[in-house]
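Read through the structure below, which is laid out as structure tokens, and then see the notes.
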Amino acid sequence: MTEQGVRQATLTRRQKQRLSRAAQYAVFVAAVLAFALGADWGRLRNQFAQGDIARQMFPDVITLALKNTVLYTLSGFALGLVLGLVIALMRLSSVGPYRWVAGVYIEIFRGLPALLIFVFIGVAVPLAFPGTEIVGGTYGKAALALGLVGAAYMAETFRAGIQAVPEGQTEAARSLGFSPARAMLSVVVPQAVRIILPPLTNELIILFKDSSLVLLLGVTLEERELSKYGRDLASTTANSTPILVAGLCYLLVTVPLGFVVRRMEAK
């Protein structure tokens, strides 16, 4: 093929790429216009954007619902973080029963829907242990349920992070006289935590959304989280504006956390 032919072929490929991009943009614009022109914005506004109803939700939606949601999430995340690290170390242990127990735990709690875990904590535990009260009441039950769910995923995250630390770090610690346990906890785990910070933050976002299942535990008016609070008001007012406001409150937390995750992944 001559040099002129090569240039023409190259130009043709570029033109095809430009046409393909132009077609994709055209389809996107057409879809947006179809949605914008076809939707009944008046009905949507009446059902989801009533300003007077939204104003009635403040400050309780922040000082009560959002506060409870954050408390449920942080307590569950803290428990899941500790339990997840223990399960990960058991999964990496040279002792067979430890590995088997950790593997069974991960497969069960990672495979079951979070909803069933909340039902188990709220219904099965009181039936199995009559008269036994979980410390902290609803907050304790929520922390336990979220922690059990999160620990299964965090354990695998910790395991991947620990295995990503170079073996030479353990060998160097052992050469300095560290015991295997001390080398793991003092040298390997801190380095693994730096590696797994982005996925751990993602797990925090997931638990923040899963906290909406706390309503299955039977909460009082003062223990309601965002989803329960929004649904109760939506039922009272016969309008969906409270649900939209509750959703915006979720985004108020998850969007900044998502930005933090992207920044950490970039670094």
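Letters A, B, ... mark the chains of the structure tokens in the order given; residue numbers begin at 1 per chain; ligand numbers begin at 1, in order shown.
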Quiz item: Leaving out Asp210 in chain A and any residue of its chain fewer than 5 positions from it, which residues lie within 10 Å of it when counting only C-alpha atoms, given as a ChimeraX atom specification?
Solution: /A:69,72-73,114-115,145-146,149-150,204-205
Using only C-alpha atoms, what table do you get, as CSV, when you list each residue of range 171-232 of chain A with an atom no more than 12 Å from range 58-61 of chain A, its nearest pair of atoms, and their distance in Å rounded to one decimal, rows by chain then rising number?
```
residue,atom,partner,partner_atom,distance
A:Leu221,CA,A:Asp60,CA,11.1
A:Glu222,CA,A:Asp60,CA,10.0
A:Glu223,CA,A:Asp60,CA,11.8
A:Arg224,CA,A:Val61,CA,9.8
A:Glu225,CA,A:Val61,CA,8.8
A:Leu226,CA,A:Val61,CA,7.2
A:Ser227,CA,A:Val61,CA,10.3
A:Lys228,CA,A:Val61,CA,10.8
A:Tyr229,CA,A:Val61,CA,7.5
A:Gly230,CA,A:Val61,CA,8.4
A:Arg231,CA,A:Val61,CA,11.9
A:Asp232,CA,A:Val61,CA,11.8
```
Quiz item: Closest to Ser211 in chain A among A:Ala160, A:Leu66, A:Ala88, A:Leu81, using only C-alpha atoms?
Solution: A:Leu66
Quiz prompt | Among the residues A:Ala65, A:Ala36, A:Ile162, A:Leu217, the one that comes closest to Ile121 in chain A [using only C-alpha atoms] | solution = A:Leu217
Practice problem: Please report, as JSON, numbers by chain, each residue of range 60-256 of chain A to which DSSP assigns alpha helix (DSSP H) when run on this structure's backbone. | Solution: {"A": [60, 67, 68, 69, 70, 71, 72, 73, 74, 75, 76, 77, 78, 79, 80, 81, 82, 83, 84, 85, 86, 87, 88, 89, 90, 91, 96, 97, 98, 99, 100, 101, 102, 103, 104, 105, 106, 107, 108, 109, 110, 111, 114, 115, 116, 117, 118, 119, 125, 126, 127, 128, 138, 139, 140, 141, 142, 143, 144, 145, 146, 147, 148, 149, 150, 151, 152, 153, 154, 155, 156, 157, 158, 159, 160, 161, 162, 163, 164, 167, 168, 169, 170, 171, 172, 173, 174, 175, 180, 181, 182, 183, 189, 190, 191, 192, 193, 194, 195, 196, 197, 198, 199, 200, 201, 202, 203, 204, 205, 206, 207, 208, 209, 210, 226, 227, 228, 229, 230, 231, 232, 233, 234, 235, 236, 237, 241, 242, 243, 244, 245, 246, 247, 248, 249, 250, 251, 252, 253, 254, 255, 256]}
Quiz item: Quick one, how far is CA of Trp100 in chain A from CA of Gly80 in chain A?
Solution: 19.4 Å
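With CA of Leu216 in chain A on one side and CA of Phe118 in chain A on the other, the separation reads 6.6 Å.
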Quiz item: If you measure from CA of Pro180 in chain A to CA of Leu92 in chain A, what distance in Å do you get, rounded to one decimal?
Solution: 12.4 Å
